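These notes are about the structure you will find just below.
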Amino acid sequence: QVQVEESGGGLVQPGGSLRLSCATSGRTFRSYAMAWFRQAPGKEREFVAHIRWSGSNPIYAYADSVKGRFTISGDYGQNTAYLQMGSLKPEDTAAYYCAAASRRYASASYYYTQASTFDYWGQGTQVTVSS
């Protein structure tokens with residue numbers, strides 16, 4: 001069994017920064033991509049960012065709403081992911097979920113933005129942006 005654990009959420013003022021961390025444990029597996037999704041109350045879960053690997057080279061993708069403000073990173077072969085969030089806005093308030101994908105896709109840039117692609121999920125960490 002695989003466990004995914006997120007940390008780093010909290011309360012921050014508008015314009016502030018937070019860094020989320022994610023790591024997997026339990027059964028060993030190869031992760032082809034790690035991603036962050038978020039879900040605000042009354043809204044559907046949405047893609048935030050992913051990091052996928054072409055060999056040992058990382059490839060990044062972001063939702064338009066966070067591009068230029070958030071940065072995803074990870075450690076190759078370690079099944080870890082980090083999300084550095086800056087210039088936070090009240091509309092960034094949500095539960096943030098880390099996910100890992102154990103399958104490889106030819107159209108990776110699309111599939112790794114879809115929640116159904118990911119096999120393992122964390123319980124989520126709350127990020128609240130408020131003054």
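In the structure tokens, each chain is lettered A, B, ... as it comes, each chain's residues begin at 1, and ligands are numbered from 1 in order of appearance.
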Could you pull out the residues in range 28-72 of chain A that DSSP calls strand (DSSP E) from the backbone, as a ChimeraX atom specification?
/A:33-39,46-54,57-62,70-72
Residues near Glu44 in chain A, anyone? I mean within 12 Å using only C-alpha atoms, not counting same-chain ones fewer than 5 positions away, as a JSON list (two decimals) with N, CA, C and O atoms, in the first residue's frame.
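Saved as out24.json:
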```json
[["chain", "number", "residue", "atom", "x", "y", "z"],
["A", 37, "PHE", "N", -3.34, 19.28, -6.89],
["A", 37, "PHE", "CA", -4.69, 19.69, -7.22],
["A", 37, "PHE", "C", -5.23, 20.46, -6.02],
["A", 37, "PHE", "O", -4.69, 20.38, -4.92],
["A", 38, "ARG", "N", -6.30, 21.20, -6.23],
["A", 38, "ARG", "CA", -6.93, 21.88, -5.11],
["A", 38, "ARG", "C", -8.44, 21.85, -5.27],
["A", 38, "ARG", "O", -8.96, 21.72, -6.37],
["A", 39, "GLN", "N", -9.10, 21.99, -4.14],
["A", 39, "GLN", "CA", -10.56, 22.00, -4.14],
["A", 39, "GLN", "C", -11.06, 22.98, -3.10],
["A", 39, "GLN", "O", -10.77, 22.84, -1.90],
["A", 94, "ALA", "N", -8.11, 26.91, -0.50],
["A", 94, "ALA", "CA", -8.61, 25.59, -0.87],
["A", 94, "ALA", "C", -7.87, 24.53, -0.08],
["A", 94, "ALA", "O", -6.85, 24.81, 0.56],
["A", 95, "ALA", "N", -8.38, 23.31, -0.15],
["A", 95, "ALA", "CA", -7.61, 22.16, 0.29],
["A", 95, "ALA", "C", -6.72, 21.74, -0.87],
["A", 95, "ALA", "O", -7.21, 21.58, -1.99],
["A", 115, "ALA", "N", -7.34, 14.52, -12.92],
["A", 115, "ALA", "CA", -7.30, 13.84, -11.62],
["A", 115, "ALA", "C", -7.41, 12.33, -11.78],
["A", 115, "ALA", "O", -6.78, 11.57, -11.02]]
```
To one decimal in Å, tell me the separation between CA of Gln114 in chain A and CA of Ser87 in chain A.
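Computing it gives 25.2 Å between the two atoms.
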Quick one: residues within 12 Å of Gly55 in chain A, only C-alpha atoms counted, chain neighbours fewer than 5 positions away excluded, as a list in words?
Ser31, Tyr32, Ala33, Tyr76, Gly77 and Arg104 of chain A
Selection from above, N, CA, C and O atoms, as a short mmCIF file (atom, residue, chain, number, x, y, z; two decimals), in the first residue's frame, can you write it?
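Wrote selection_3.cif, looks like this:
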```cif
data_model
loop_
_atom_site.label_atom_id
_atom_site.label_comp_id
_atom_site.auth_asym_id
_atom_site.auth_seq_id
_atom_site.Cartn_x
_atom_site.Cartn_y
_atom_site.Cartn_z
N SER A 31 7.11 6.65 -9.84
CA SER A 31 6.17 7.72 -10.15
C SER A 31 6.62 8.42 -11.42
O SER A 31 7.72 8.96 -11.48
N TYR A 32 5.74 8.43 -12.43
CA TYR A 32 6.06 9.14 -13.66
C TYR A 32 5.69 10.62 -13.59
O TYR A 32 6.18 11.42 -14.38
N ALA A 33 4.85 10.96 -12.65
CA ALA A 33 4.47 12.35 -12.45
C ALA A 33 3.93 12.52 -11.04
O ALA A 33 3.34 11.59 -10.46
N TYR A 76 13.98 13.60 -8.46
CA TYR A 76 13.90 12.48 -9.39
C TYR A 76 14.11 11.15 -8.66
O TYR A 76 15.09 11.00 -7.92
N GLY A 77 13.20 10.23 -8.86
CA GLY A 77 13.33 8.91 -8.27
C GLY A 77 12.96 8.83 -6.80
O GLY A 77 13.03 7.75 -6.20
N ARG A 104 2.55 5.59 -17.32
CA ARG A 104 3.15 6.50 -18.29
C ARG A 104 2.19 6.69 -19.45
O ARG A 104 1.57 5.73 -19.92
#
```
Excluding Ala61 in chain A and any residue of its chain fewer than 6 positions from it, enumerate the residues within 9 Å of it, using only C-alpha atoms, and give them as a PDB file with all heavy atoms, in the first residue's frame.
```
ATOM      1  N   VAL A  48      -3.578  22.119 -10.453  1.00  0.00           N
ATOM      2  CA  VAL A  48      -2.744  23.275 -10.129  1.00  0.00           C
ATOM      3  C   VAL A  48      -1.412  23.207 -10.872  1.00  0.00           C
ATOM      4  O   VAL A  48      -1.039  24.130 -11.587  1.00  0.00           O
ATOM      5  CB  VAL A  48      -2.485  23.350  -8.605  1.00  0.00           C
ATOM      6  CG1 VAL A  48      -1.512  24.490  -8.289  1.00  0.00           C
ATOM      7  CG2 VAL A  48      -3.795  23.529  -7.850  1.00  0.00           C
ATOM      8  N   ALA A  49      -0.685  22.103 -10.686  1.00  0.00           N
ATOM      9  CA  ALA A  49       0.627  21.966 -11.314  1.00  0.00           C
ATOM     10  C   ALA A  49       1.063  20.511 -11.299  1.00  0.00           C
ATOM     11  O   ALA A  49       0.620  19.741 -10.442  1.00  0.00           O
ATOM     12  CB  ALA A  49       1.666  22.816 -10.592  1.00  0.00           C
ATOM     13  N   HIS A  50       1.906  20.143 -12.253  1.00  0.00           N
ATOM     14  CA  HIS A  50       2.525  18.826 -12.183  1.00  0.00           C
ATOM     15  C   HIS A  50       3.986  18.891 -12.586  1.00  0.00           C
ATOM     16  O   HIS A  50       4.420  19.819 -13.285  1.00  0.00           O
ATOM     17  CB  HIS A  50       1.764  17.768 -12.985  1.00  0.00           C
ATOM     18  CG  HIS A  50       1.958  17.808 -14.483  1.00  0.00           C
ATOM     19  ND1 HIS A  50       0.909  17.855 -15.366  1.00  0.00           N
ATOM     20  CD2 HIS A  50       3.069  17.754 -15.261  1.00  0.00           C
ATOM     21  CE1 HIS A  50       1.368  17.860 -16.603  1.00  0.00           C
ATOM     22  NE2 HIS A  50       2.677  17.809 -16.553  1.00  0.00           N
ATOM     23  N   ILE A  51       4.731  17.901 -12.139  1.00  0.00           N
ATOM     24  CA  ILE A  51       6.099  17.670 -12.579  1.00  0.00           C
ATOM     25  C   ILE A  51       6.142  16.246 -13.097  1.00  0.00           C
ATOM     26  O   ILE A  51       5.689  15.320 -12.425  1.00  0.00           O
ATOM     27  CB  ILE A  51       7.121  17.919 -11.446  1.00  0.00           C
ATOM     28  CG1 ILE A  51       8.541  17.635 -11.927  1.00  0.00           C
ATOM     29  CG2 ILE A  51       6.783  17.116 -10.194  1.00  0.00           C
ATOM     30  CD1 ILE A  51       9.619  18.070 -10.914  1.00  0.00           C
ATOM     31  N   ARG A  52       6.624  16.065 -14.316  1.00  0.00           N
ATOM     32  CA  ARG A  52       6.757  14.727 -14.898  1.00  0.00           C
ATOM     33  C   ARG A  52       8.182  14.575 -15.386  1.00  0.00           C
ATOM     34  O   ARG A  52       8.894  15.558 -15.562  1.00  0.00           O
ATOM     35  CB  ARG A  52       5.747  14.512 -16.024  1.00  0.00           C
ATOM     36  CG  ARG A  52       5.916  15.396 -17.245  1.00  0.00           C
ATOM     37  CD  ARG A  52       4.769  15.194 -18.232  1.00  0.00           C
ATOM     38  NE  ARG A  52       5.024  15.801 -19.534  1.00  0.00           N
ATOM     39  CZ  ARG A  52       4.646  17.018 -19.876  1.00  0.00           C
ATOM     40  NH1 ARG A  52       4.013  17.794 -19.003  1.00  0.00           N
ATOM     41  NH2 ARG A  52       4.880  17.468 -21.087  1.00  0.00           N
ATOM     42  N   LYS A  67       0.085  30.327 -12.912  1.00  0.00           N
ATOM     43  CA  LYS A  67       1.324  30.499 -13.679  1.00  0.00           C
ATOM     44  C   LYS A  67       1.994  31.809 -13.303  1.00  0.00           C
ATOM     45  O   LYS A  67       1.360  32.852 -13.219  1.00  0.00           O
ATOM     46  CB  LYS A  67       0.994  30.466 -15.172  1.00  0.00           C
ATOM     47  CG  LYS A  67       2.098  29.977 -16.065  1.00  0.00           C
ATOM     48  CD  LYS A  67       1.608  29.765 -17.482  1.00  0.00           C
ATOM     49  CE  LYS A  67       0.744  28.544 -17.630  1.00  0.00           C
ATOM     50  NZ  LYS A  67       0.337  28.280 -19.031  1.00  0.00           N
ATOM     51  N   ILE A  72       6.450  24.384  -8.985  1.00  0.00           N
ATOM     52  CA  ILE A  72       6.496  22.999  -8.526  1.00  0.00           C
ATOM     53  C   ILE A  72       7.908  22.466  -8.718  1.00  0.00           C
ATOM     54  O   ILE A  72       8.607  22.847  -9.667  1.00  0.00           O
ATOM     55  CB  ILE A  72       5.465  22.116  -9.267  1.00  0.00           C
ATOM     56  CG1 ILE A  72       5.357  20.742  -8.611  1.00  0.00           C
ATOM     57  CG2 ILE A  72       5.787  22.012 -10.756  1.00  0.00           C
ATOM     58  CD1 ILE A  72       4.197  19.898  -9.136  1.00  0.00           C
ATOM     59  N   SER A 109       1.292  15.656 -21.400  1.00  0.00           N
ATOM     60  CA  SER A 109       0.970  17.028 -21.026  1.00  0.00           C
ATOM     61  C   SER A 109      -0.515  17.192 -20.737  1.00  0.00           C
ATOM     62  O   SER A 109      -0.906  18.024 -19.929  1.00  0.00           O
ATOM     63  CB  SER A 109       1.400  17.993 -22.128  1.00  0.00           C
ATOM     64  OG  SER A 109       0.732  17.673 -23.330  1.00  0.00           O
ATOM     65  N   TYR A 112      -1.667  14.255 -17.436  1.00  0.00           N
ATOM     66  CA  TYR A 112      -1.228  14.579 -16.085  1.00  0.00           C
ATOM     67  C   TYR A 112      -1.832  15.870 -15.559  1.00  0.00           C
ATOM     68  O   TYR A 112      -1.416  16.386 -14.531  1.00  0.00           O
ATOM     69  CB  TYR A 112       0.295  14.618 -16.017  1.00  0.00           C
ATOM     70  CG  TYR A 112       0.932  13.266 -16.204  1.00  0.00           C
ATOM     71  CD1 TYR A 112       2.066  13.119 -17.006  1.00  0.00           C
ATOM     72  CD2 TYR A 112       0.417  12.131 -15.599  1.00  0.00           C
ATOM     73  CE1 TYR A 112       2.666  11.881 -17.192  1.00  0.00           C
ATOM     74  CE2 TYR A 112       1.001  10.888 -15.777  1.00  0.00           C
ATOM     75  CZ  TYR A 112       2.119  10.773 -16.575  1.00  0.00           C
ATOM     76  OH  TYR A 112       2.711   9.538 -16.760  1.00  0.00           O
ATOM     77  N   THR A 113      -2.814  16.416 -16.242  1.00  0.00           N
ATOM     78  CA  THR A 113      -3.631  17.495 -15.686  1.00  0.00           C
ATOM     79  C   THR A 113      -4.998  16.966 -15.241  1.00  0.00           C
ATOM     80  O   THR A 113      -5.809  17.735 -14.734  1.00  0.00           O
ATOM     81  CB  THR A 113      -3.859  18.627 -16.705  1.00  0.00           C
ATOM     82  OG1 THR A 113      -4.655  18.121 -17.788  1.00  0.00           O
ATOM     83  CG2 THR A 113      -2.548  19.173 -17.235  1.00  0.00           C
TER      84      THR A 113
END
```
Ranking A:Gln78, A:Gln123, A:Ser73, A:Thr93 by minimum distance to Ser7 in chain A and counting only C-alpha atoms, which one comes first?
A:Gln123
Residues of chain A in helix (DSSP H, G or I) according to DSSP, as an mmCIF file with all heavy atoms, in the first residue's frame?
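Full text of part-v9.cif as output:
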```cif
data_model
loop_
_atom_site.group_PDB
_atom_site.id
_atom_site.type_symbol
_atom_site.label_atom_id
_atom_site.label_comp_id
_atom_site.auth_asym_id
_atom_site.auth_seq_id
_atom_site.Cartn_x
_atom_site.Cartn_y
_atom_site.Cartn_z
ATOM 1 N N PRO A 90 -6.867 35.571 -2.130
ATOM 2 C CA PRO A 90 -7.962 34.883 -1.431
ATOM 3 C C PRO A 90 -8.562 33.732 -2.247
ATOM 4 O O PRO A 90 -8.978 32.719 -1.666
ATOM 5 C CB PRO A 90 -8.976 36.005 -1.200
ATOM 6 C CG PRO A 90 -8.140 37.237 -1.106
ATOM 7 C CD PRO A 90 -7.032 37.033 -2.098
ATOM 8 N N GLU A 91 -8.569 33.874 -3.556
ATOM 9 C CA GLU A 91 -9.139 32.812 -4.390
ATOM 10 C C GLU A 91 -8.256 31.568 -4.465
ATOM 11 O O GLU A 91 -8.663 30.552 -5.042
ATOM 12 C CB GLU A 91 -9.440 33.318 -5.810
ATOM 13 C CG GLU A 91 -8.311 34.037 -6.486
ATOM 14 C CD GLU A 91 -8.407 35.551 -6.342
ATOM 15 O OE1 GLU A 91 -8.703 36.037 -5.213
ATOM 16 O OE2 GLU A 91 -8.166 36.251 -7.342
ATOM 17 N N ASP A 92 -7.075 31.625 -3.885
ATOM 18 C CA ASP A 92 -6.230 30.425 -3.782
ATOM 19 C C ASP A 92 -6.625 29.569 -2.578
ATOM 20 O O ASP A 92 -6.095 28.465 -2.399
ATOM 21 C CB ASP A 92 -4.761 30.807 -3.652
ATOM 22 C CG ASP A 92 -4.212 31.479 -4.900
ATOM 23 O OD1 ASP A 92 -4.526 31.005 -6.021
ATOM 24 O OD2 ASP A 92 -3.483 32.473 -4.753
ATOM 25 N N ALA A 108 1.360 13.013 -22.341
ATOM 26 C CA ALA A 108 1.551 13.286 -20.921
ATOM 27 C C ALA A 108 1.084 14.682 -20.529
ATOM 28 O O ALA A 108 0.557 14.880 -19.439
ATOM 29 C CB ALA A 108 3.009 13.096 -20.560
ATOM 30 N N SER A 109 1.292 15.656 -21.400
ATOM 31 C CA SER A 109 0.970 17.028 -21.026
ATOM 32 C C SER A 109 -0.515 17.192 -20.737
ATOM 33 O O SER A 109 -0.906 18.024 -19.929
ATOM 34 C CB SER A 109 1.400 17.993 -22.128
ATOM 35 O OG SER A 109 0.732 17.673 -23.330
ATOM 36 N N TYR A 110 -1.358 16.380 -21.382
ATOM 37 C CA TYR A 110 -2.797 16.428 -21.116
ATOM 38 C C TYR A 110 -3.176 15.536 -19.937
ATOM 39 O O TYR A 110 -3.832 15.972 -18.989
ATOM 40 C CB TYR A 110 -3.589 15.993 -22.346
ATOM 41 C CG TYR A 110 -5.055 15.739 -22.039
ATOM 42 C CD1 TYR A 110 -5.916 16.801 -21.818
ATOM 43 C CD2 TYR A 110 -5.545 14.433 -21.923
ATOM 44 C CE1 TYR A 110 -7.257 16.573 -21.505
ATOM 45 C CE2 TYR A 110 -6.872 14.203 -21.611
ATOM 46 C CZ TYR A 110 -7.723 15.272 -21.404
ATOM 47 O OH TYR A 110 -9.024 15.030 -21.084
ATOM 48 N N TYR A 111 -2.763 14.275 -20.009
ATOM 49 C CA TYR A 111 -3.245 13.313 -19.012
ATOM 50 C C TYR A 111 -2.821 13.668 -17.601
ATOM 51 O O TYR A 111 -3.562 13.426 -16.654
ATOM 52 C CB TYR A 111 -2.786 11.903 -19.384
ATOM 53 C CG TYR A 111 -3.618 11.300 -20.481
ATOM 54 C CD1 TYR A 111 -3.124 11.175 -21.774
ATOM 55 C CD2 TYR A 111 -4.928 10.893 -20.234
ATOM 56 C CE1 TYR A 111 -3.907 10.653 -22.787
ATOM 57 C CE2 TYR A 111 -5.708 10.366 -21.240
ATOM 58 C CZ TYR A 111 -5.191 10.251 -22.511
ATOM 59 O OH TYR A 111 -5.970 9.735 -23.512
ATOM 60 N N ALA A 115 -7.338 14.518 -12.918
ATOM 61 C CA ALA A 115 -7.296 13.841 -11.623
ATOM 62 C C ALA A 115 -7.405 12.325 -11.778
ATOM 63 O O ALA A 115 -6.780 11.572 -11.022
ATOM 64 C CB ALA A 115 -8.399 14.367 -10.714
ATOM 65 N N SER A 116 -8.172 11.865 -12.755
ATOM 66 C CA SER A 116 -8.393 10.431 -12.925
ATOM 67 C C SER A 116 -7.126 9.683 -13.319
ATOM 68 O O SER A 116 -7.061 8.460 -13.226
ATOM 69 C CB SER A 116 -9.480 10.190 -13.975
ATOM 70 O OG SER A 116 -9.120 10.776 -15.212
ATOM 71 N N THR A 117 -6.110 10.400 -13.781
ATOM 72 C CA THR A 117 -4.848 9.780 -14.176
ATOM 73 C C THR A 117 -4.036 9.307 -12.983
ATOM 74 O O THR A 117 -3.231 8.393 -13.094
ATOM 75 C CB THR A 117 -4.020 10.780 -15.007
ATOM 76 O OG1 THR A 117 -4.723 11.107 -16.198
ATOM 77 C CG2 THR A 117 -2.643 10.257 -15.347
#
```
